[in-house]
file data34.txt (compact mmCIF, C-alpha atoms)
# COMPACT_ATOMS: atom_id res chain seq x y z
CA MET U 200 23.08 -16.80 -37.43
CA THR U 201 24.54 -14.85 -34.54
CA ILE U 202 22.27 -13.83 -31.71
CA THR U 203 22.32 -11.02 -29.22
CA LYS U 204 23.98 -12.09 -25.99
CA ILE U 205 22.04 -11.88 -22.75
CA GLY U 206 24.06 -10.02 -20.11
CA ASN U 207 25.19 -11.78 -16.95
CA ALA U 208 23.13 -9.41 -14.83
CA GLN U 209 20.01 -10.25 -16.83
CA GLY U 210 20.70 -13.98 -16.58
CA THR U 211 21.09 -13.76 -12.82
CA ALA U 212 18.02 -11.54 -12.52
CA ALA U 213 16.01 -14.10 -14.51
CA ARG U 214 16.82 -16.82 -11.98
CA VAL U 215 16.05 -14.46 -9.08
CA ALA U 216 12.74 -13.48 -10.70
CA GLY U 217 11.85 -17.13 -11.27
CA TRP U 218 12.51 -18.17 -7.69
CA SER U 219 10.95 -15.08 -6.12
CA GLY U 220 7.84 -15.35 -8.31
CA LEU U 221 7.24 -18.97 -7.31
CA LEU U 222 8.12 -18.58 -3.63
CA THR U 223 6.05 -15.45 -3.09
CA PHE U 224 3.03 -17.13 -4.68
CA ALA U 225 3.42 -20.19 -2.45
CA ILE U 226 3.85 -18.04 0.67
CA VAL U 227 0.80 -15.88 0.10
CA VAL U 228 -1.40 -18.88 -0.77
CA PHE U 229 -0.23 -20.71 2.35
CA GLY U 230 -0.75 -17.69 4.58
CA ASN U 231 -4.18 -16.80 3.22
CA TYR U 232 -5.80 -20.16 2.49
CA VAL U 233 -4.09 -22.52 4.92
CA LEU U 234 -3.52 -20.30 7.96
CA LEU U 235 -6.02 -17.42 7.93
CA ASN U 236 -9.16 -18.48 6.08
CA PRO U 237 -9.90 -21.55 8.29
CA LEU U 238 -10.15 -19.20 11.29
CA ILE U 239 -12.86 -17.05 9.71
CA VAL U 240 -16.43 -18.18 10.20
CA PRO U 241 -18.65 -16.39 7.66
CA GLY U 242 -21.50 -14.50 9.31
CA ASN U 243 -20.33 -15.29 12.85
CA VAL U 244 -18.22 -12.54 14.40
CA ALA U 245 -18.04 -14.17 17.82
CA ALA U 246 -16.81 -17.51 16.49
CA THR U 247 -14.22 -15.78 14.29
CA ALA U 248 -12.98 -13.73 17.25
CA GLN U 249 -12.73 -16.86 19.39
CA ASN U 250 -10.73 -18.66 16.70
CA ILE U 251 -8.35 -15.72 16.41
CA ALA U 252 -7.90 -15.47 20.17
CA GLU U 253 -7.28 -19.22 20.49
CA HIS U 254 -4.85 -19.41 17.55
CA GLN U 255 -2.72 -16.32 18.06
CA THR U 256 0.49 -18.01 16.93
CA GLN U 257 -1.23 -19.05 13.72
CA VAL U 258 -2.39 -15.47 13.13
CA ARG U 259 1.10 -14.12 13.82
CA LEU U 260 2.57 -16.66 11.42
CA THR U 261 0.08 -15.41 8.83
CA ALA U 262 1.30 -11.87 9.44
CA VAL U 263 4.89 -13.02 8.88
CA CYS U 264 3.81 -14.75 5.64
CA PHE U 265 2.22 -11.53 4.38
CA LEU U 266 5.27 -9.51 5.38
CA THR U 267 7.52 -12.00 3.59
CA TYR U 268 5.29 -11.82 0.55
CA SER U 269 5.67 -8.04 0.43
CA LEU U 270 9.45 -8.35 0.65
CA GLY U 271 9.40 -11.03 -2.03
CA VAL U 272 7.46 -8.77 -4.39
CA ILE U 273 10.13 -6.10 -3.93
CA VAL U 274 12.83 -8.64 -4.83
CA LEU U 275 10.76 -9.69 -7.86
CA LEU U 276 10.21 -6.16 -9.13
CA THR U 277 13.93 -5.43 -8.81
CA ALA U 278 14.83 -8.51 -10.83
CA LEU U 279 12.22 -7.72 -13.49
CA TYR U 280 13.55 -4.19 -13.77
CA VAL U 281 17.06 -5.50 -14.43
CA ILE U 282 15.73 -7.87 -17.10
CA LEU U 283 13.43 -5.41 -18.87
CA LYS U 284 15.41 -2.18 -18.52
CA PRO U 285 17.35 -2.74 -21.79
CA ILE U 286 14.03 -2.96 -23.65
CA ASN U 287 12.61 0.34 -22.41
CA PRO U 288 14.07 1.91 -19.23
CA GLY U 289 11.14 4.26 -18.70
CA LEU U 290 8.43 1.63 -18.93
CA ALA U 291 10.47 -0.82 -16.87
CA LEU U 292 10.77 1.78 -14.11
CA ILE U 293 7.05 2.61 -14.19
CA GLY U 294 6.19 -1.07 -13.98
CA ALA U 295 8.54 -1.49 -11.02
CA LEU U 296 6.99 1.50 -9.23
CA PHE U 297 3.46 0.17 -9.76
CA ARG U 298 4.52 -3.18 -8.32
CA LEU U 299 6.20 -1.38 -5.41
CA VAL U 300 2.91 0.35 -4.53
CA PHE U 301 1.23 -3.06 -4.51
CA ALA U 302 3.95 -4.45 -2.23
CA LEU U 303 3.63 -1.52 0.19
CA LEU U 304 -0.15 -1.92 0.38
CA TRP U 305 0.40 -5.55 1.36
CA LEU U 306 2.18 -4.28 4.48
CA LEU U 307 -1.25 -3.21 5.74
CA ALA U 308 -2.27 -6.86 6.08
CA PRO U 309 0.19 -7.73 8.90
CA LEU U 310 -0.79 -4.50 10.68
CA ASN U 311 -4.47 -5.40 10.43
CA LEU U 312 -3.84 -8.87 11.83
CA LEU U 313 -1.78 -7.56 14.72
CA GLY U 314 -4.47 -4.94 15.38
CA ALA U 315 -7.11 -7.67 15.59
CA LEU U 316 -4.98 -9.59 18.08
CA ARG U 317 -4.54 -6.48 20.19
CA LEU U 318 -8.28 -5.89 20.29
CA LEU U 319 -8.82 -9.44 21.55
CA SER U 320 -5.93 -9.40 24.02
CA ASN U 321 -8.01 -8.60 27.13
CA ALA U 322 -5.70 -5.70 27.91
CA SER U 323 -6.81 -3.58 30.84
CA TYR U 324 -7.31 -0.44 28.75
CA LEU U 325 -9.80 -2.32 26.56
CA GLN U 326 -12.14 -3.14 29.44
CA VAL U 327 -14.14 0.04 28.72
CA PHE U 328 -15.47 -1.69 25.57
CA GLU U 329 -18.07 -4.44 25.55
CA PRO U 330 -16.75 -7.83 24.33
CA ASP U 331 -19.07 -7.91 21.33
CA ARG U 332 -17.80 -4.51 20.17
CA LEU U 333 -14.20 -5.65 20.45
CA GLN U 334 -15.07 -8.76 18.45
CA ALA U 335 -16.71 -6.64 15.76
CA LEU U 336 -13.70 -4.32 15.60
CA ALA U 337 -11.34 -7.29 15.33
CA ARG U 338 -13.39 -8.70 12.46
CA LEU U 339 -13.32 -5.26 10.84
CA HIS U 340 -9.51 -5.34 10.93
CA ILE U 341 -9.46 -8.75 9.27
CA GLY U 342 -11.91 -7.58 6.61
CA ALA U 343 -9.73 -4.55 5.88
CA ASN U 344 -7.22 -6.93 4.25
CA PHE U 345 -9.79 -7.47 1.51
CA ASP U 346 -10.03 -3.75 0.82
CA ALA U 347 -6.26 -3.28 0.86
CA TYR U 348 -5.84 -6.05 -1.70
CA TYR U 349 -8.39 -4.65 -4.13
CA VAL U 350 -6.97 -1.14 -3.80
CA GLY U 351 -3.58 -2.58 -4.68
CA LEU U 352 -4.83 -4.87 -7.45
CA PRO U 353 -5.00 -2.15 -10.16
CA PHE U 354 -1.35 -1.34 -9.47
CA PHE U 355 -0.43 -5.03 -9.69
CA GLY U 356 -2.40 -5.35 -12.92
CA LEU U 357 -0.81 -2.26 -14.46
CA ALA U 358 2.66 -3.51 -13.52
CA ALA U 359 1.92 -6.89 -15.09
CA THR U 360 0.49 -5.21 -18.21
CA ILE U 361 3.66 -3.18 -18.68
CA SER U 362 5.83 -6.23 -18.05
CA ALA U 363 3.86 -8.28 -20.56
CA ARG U 364 4.23 -5.51 -23.13
CA LEU U 365 7.99 -5.47 -22.61
CA TRP U 366 8.18 -9.27 -22.68
CA LEU U 367 6.41 -9.13 -26.04
CA LYS U 368 8.82 -6.55 -27.44
CA SER U 369 11.89 -8.32 -26.06
CA ASN U 370 11.25 -11.78 -27.48
CA TYR U 371 12.77 -13.17 -24.25
CA ILE U 372 9.76 -15.46 -23.77
CA PRO U 373 7.37 -16.98 -26.34
CA LYS U 374 5.27 -14.31 -28.00
CA GLY U 375 2.07 -16.29 -27.43
CA LEU U 376 2.76 -16.35 -23.70
CA ALA U 377 3.49 -12.61 -23.67
CA ILE U 378 0.28 -11.83 -25.57
CA SER U 379 -1.80 -13.96 -23.20
CA GLY U 380 -0.21 -12.12 -20.28
CA LEU U 381 -0.97 -8.76 -21.84
CA ILE U 382 -4.64 -9.68 -22.22
CA ALA U 383 -4.93 -11.28 -18.77
CA SER U 384 -3.31 -8.37 -16.95
CA ALA U 385 -5.30 -5.72 -18.84
CA TRP U 386 -8.46 -7.70 -17.97
CA CYS U 387 -7.42 -7.65 -14.29
CA VAL U 388 -6.96 -3.86 -14.35
CA LEU U 389 -10.41 -3.42 -15.89
CA CYS U 390 -12.10 -5.73 -13.38
CA ALA U 391 -10.32 -4.13 -10.42
CA PHE U 392 -11.45 -0.61 -11.33
CA VAL U 393 -15.00 -1.72 -12.10
CA PHE U 394 -15.18 -3.61 -8.79
CA LEU U 395 -13.99 -0.59 -6.82
CA ILE U 396 -16.76 1.51 -8.39
CA PHE U 397 -19.46 -1.17 -8.42
CA PRO U 398 -18.85 -3.59 -5.52
CA GLN U 399 -21.63 -5.89 -6.74
CA PHE U 400 -19.62 -6.57 -9.89
CA ASN U 401 -18.33 -9.81 -8.37
CA LYS U 402 -21.86 -11.18 -8.63
CA VAL U 403 -21.57 -10.77 -12.40
CA VAL U 404 -17.93 -11.87 -12.70
CA ASN U 405 -16.56 -14.03 -9.89
CA ASP U 406 -13.76 -12.16 -8.15
CA TYR U 407 -11.41 -15.11 -8.56
CA LEU U 408 -11.65 -14.51 -12.30
CA PHE U 409 -10.32 -10.96 -11.87
CA ASP U 410 -6.73 -11.97 -11.20
CA THR U 411 -6.42 -15.74 -11.72
CA PRO U 412 -5.51 -15.52 -15.44
CA MET U 413 -2.84 -12.90 -14.63
CA ALA U 414 -1.53 -14.97 -11.71
CA LEU U 415 -1.25 -18.03 -13.97
CA PHE U 416 0.68 -15.96 -16.51
CA GLU U 417 3.13 -14.76 -13.88
CA LEU U 418 3.56 -18.31 -12.58
CA ILE U 419 4.28 -19.66 -16.05
CA VAL U 420 6.78 -16.85 -16.68
CA SER U 421 8.47 -17.69 -13.34
CA PHE U 422 8.82 -21.34 -14.38
CA TRP U 423 10.09 -20.27 -17.80
CA LEU U 424 12.73 -17.95 -16.35
CA LEU U 425 13.84 -20.59 -13.87
CA PHE U 426 14.08 -23.57 -16.22
CA LYS U 427 14.44 -22.02 -19.69
CA GLY U 428 16.04 -18.67 -18.97
CA LEU U 429 15.87 -15.69 -21.29
CA LYS U 430 15.46 -16.40 -24.98
CA PRO U 431 18.21 -14.53 -26.89
CA VAL U 432 17.12 -11.93 -29.40
CA ALA U 433 18.21 -12.22 -33.04
CA PRO U 434 19.87 -9.07 -34.50
CA ASN U 435 16.99 -8.43 -36.89
CA GLN U 436 14.64 -8.49 -33.89
CA SER U 437 17.00 -6.55 -31.67
CA HIS U 438 16.44 -3.98 -29.00
CA ALA U 439 16.42 -1.25 -31.63
CA GLY U 440 12.86 -2.23 -32.38
CA ALA U 441 12.13 -3.26 -28.84
CA LEU U 442 12.99 0.19 -27.55
CA GLU U 443 9.99 1.70 -29.26
CA PRO U 444 7.43 3.09 -26.81
CA PHE U 445 3.74 2.32 -26.84
CA PRO U 446 2.20 3.36 -30.17
CA SER U 447 0.28 6.61 -29.99

call {"tool": "encode", "arguments": {"input": "data34.txt", "output": "structure tokens"}}
result
Amino acid sequence: MTITKIGNAQGTAARVAGWSGLLTFAIVVFGNYVLLNPLIVPGNVAATAQNIAEHQTQVRLTAVCFLTYSLGVIVLLTALYVILKPINPGLALIGALFRLVFALLWLLAPLNLLGALRLLSNASYLQVFEPDRLQALARLHIGANFDAYYVGLPFFGLAATISARLWLKSNYIPKGLAISGLIASAWCVLCAFVFLIFPQFNKVVNDYLFDTPMALFELIVSFWLLFKGLKPVAPNQSHAGALEPFPS
């Protein structure tokens, strides 16, 4: 039985998507959990400010990690668009735009970190403020990263939902994997919106459960694209059916 040939551009984009998906995940985990989180002392603004002031290079490296992550997401969304465009150009573009919004919101994180460093820099023009106020403002800048992430999370979830839908229609990856991604990403969108309206929601559902299933799906897809590549589509399952939009 003959099978539909995957274009060279799609094959290259699959490898780019695989590498960028894995590398961006590693970078953001390293920046957030290895570099930044150890400097934050829960409930102690002064100790957190002291850690930030004493480890400025570490904070700046974190900012570079977050900036690199944002750039990596842009590379990823471009590669995904190339792969999924033949399935449905409109949905592929919408998914790419949603992921772009998420990437742009991540640019706020490096700005917040640099703002915190500036507040703790002992610059002459800051001497009009008491030290404890500067420490509180610096901690406020660090905490703003949390808000920026959860504002961007619905966009990330919507992008992943659209991608999972197109993966399912394309037959490029196993259907079971695509279905699990569709459920996980739709769950993330729901949790993100509920959390923005009801901030105590994370006491009912742990906030790590909002996006972890979706993140695992995207990681598995990255490994699949890198080591398995795109699964060719048989003619009787061709793009003619895959080009159908969402059912009304």

call {"tool": "atom_distance", "arguments": {"input": "data34.txt", "atom1": "atom CA of U:Ala225", "atom2": "atom CA of U:Phe409"}}
result
19.0 Å

call {"tool": "closest_residue", "arguments": {"input": "data34.txt", "among": "U:Ser323, U:Asn344, U:Thr277, U:Asn207", "to": "U:Leu306", "atoms": "all atoms listed in the file"}}
result
U:Asn344

call {"tool": "residues_around", "arguments": {"input": "data34.txt", "residues": "U:Cys387", "least_positions_apart": "4", "cutoff": "9 Å", "atoms": "only C-alpha atoms", "output": "MDAnalysis selection string"}}
result
chainID U and resid 352:353 355:357 382:383 391:392 408:413

call {"tool": "write_last_selection", "arguments": {"input": "data34.txt", "atoms": "C-alpha atoms", "output": "PDB file, keeping the file's coordinate frame"}}
result
ATOM      1  CA  LEU U 352      -4.830  -4.870  -7.450  1.00  0.00           C
ATOM      2  CA  PRO U 353      -5.000  -2.150 -10.160  1.00  0.00           C
ATOM      3  CA  PHE U 355      -0.430  -5.030  -9.690  1.00  0.00           C
ATOM      4  CA  GLY U 356      -2.400  -5.350 -12.920  1.00  0.00           C
ATOM      5  CA  LEU U 357      -0.810  -2.260 -14.460  1.00  0.00           C
ATOM      6  CA  ILE U 382      -4.640  -9.680 -22.220  1.00  0.00           C
ATOM      7  CA  ALA U 383      -4.930 -11.280 -18.770  1.00  0.00           C
ATOM      8  CA  ALA U 391     -10.320  -4.130 -10.420  1.00  0.00           C
ATOM      9  CA  PHE U 392     -11.450  -0.610 -11.330  1.00  0.00           C
ATOM     10  CA  LEU U 408     -11.650 -14.510 -12.300  1.00  0.00           C
ATOM     11  CA  PHE U 409     -10.320 -10.960 -11.870  1.00  0.00           C
ATOM     12  CA  ASP U 410      -6.730 -11.970 -11.200  1.00  0.00           C
ATOM     13  CA  THR U 411      -6.420 -15.740 -11.720  1.00  0.00           C
ATOM     14  CA  PRO U 412      -5.510 -15.520 -15.440  1.00  0.00           C
ATOM     15  CA  MET U 413      -2.840 -12.900 -14.630  1.00  0.00           C
TER      16      MET U 413
END

call {"tool": "residues_around", "arguments": {"input": "data34.txt", "residues": "stretch 420-429 of chain U", "least_positions_apart": "6", "cutoff": "9 Å", "atoms": "all atoms listed in the file", "output": "number ranges by chain"}}
result
U: 205, 209-210, 213-221, 282, 370-372, 376-377

call {"tool": "residues_around", "arguments": {"input": "data34.txt", "residues": "U:Leu381", "least_positions_apart": "2", "cutoff": "12 Å", "atoms": "only C-alpha atoms", "output": "MDAnalysis selection string"}}
result
chainID U and resid 356:368 374:379 383:388 412:414 416:417

call {"tool": "closest_residue", "arguments": {"input": "data34.txt", "among": "U:Ile396, U:Ser369, U:Val404, U:Val327", "to": "U:Ile286", "atoms": "all atoms listed in the file"}}
result
U:Ser369

call {"tool": "residues_near_point", "arguments": {"input": "data34.txt", "point": "(-8.0, -5.4, 23.3)", "cutoff": "12 Å", "atoms": "only C-alpha atoms", "output": "ChimeraX atom specification"}}
result
/U:248,252,313-337

call {"tool": "atom_distance", "arguments": {"input": "data34.txt", "atom1": "atom CA of U:Arg338", "atom2": "atom CA of U:Ala262"}}
result
15.3 Å

call {"tool": "atom_distance", "arguments": {"input": "data34.txt", "atom1": "atom CA of U:Phe229", "atom2": "atom CA of U:Gln257"}}
result
11.5 Å

call {"tool": "closest_residue", "arguments": {"input": "data34.txt", "among": "U:Asn401, U:Pro373, U:Val393, U:Asn243", "to": "U:Ile419", "atoms": "all atoms listed in the file"}}
result
U:Pro373

call {"tool": "closest_residue", "arguments": {"input": "data34.txt", "among": "U:Tyr280, U:Phe224, U:Trp305, U:Phe265", "to": "U:Ala212", "atoms": "all atoms listed in the file"}}
result
U:Tyr280

call {"tool": "closest_residue", "arguments": {"input": "data34.txt", "among": "U:Phe400, U:Leu415, U:Leu222, U:Cys390", "to": "U:Ser269", "atoms": "only C-alpha atoms"}}
result
U:Leu222
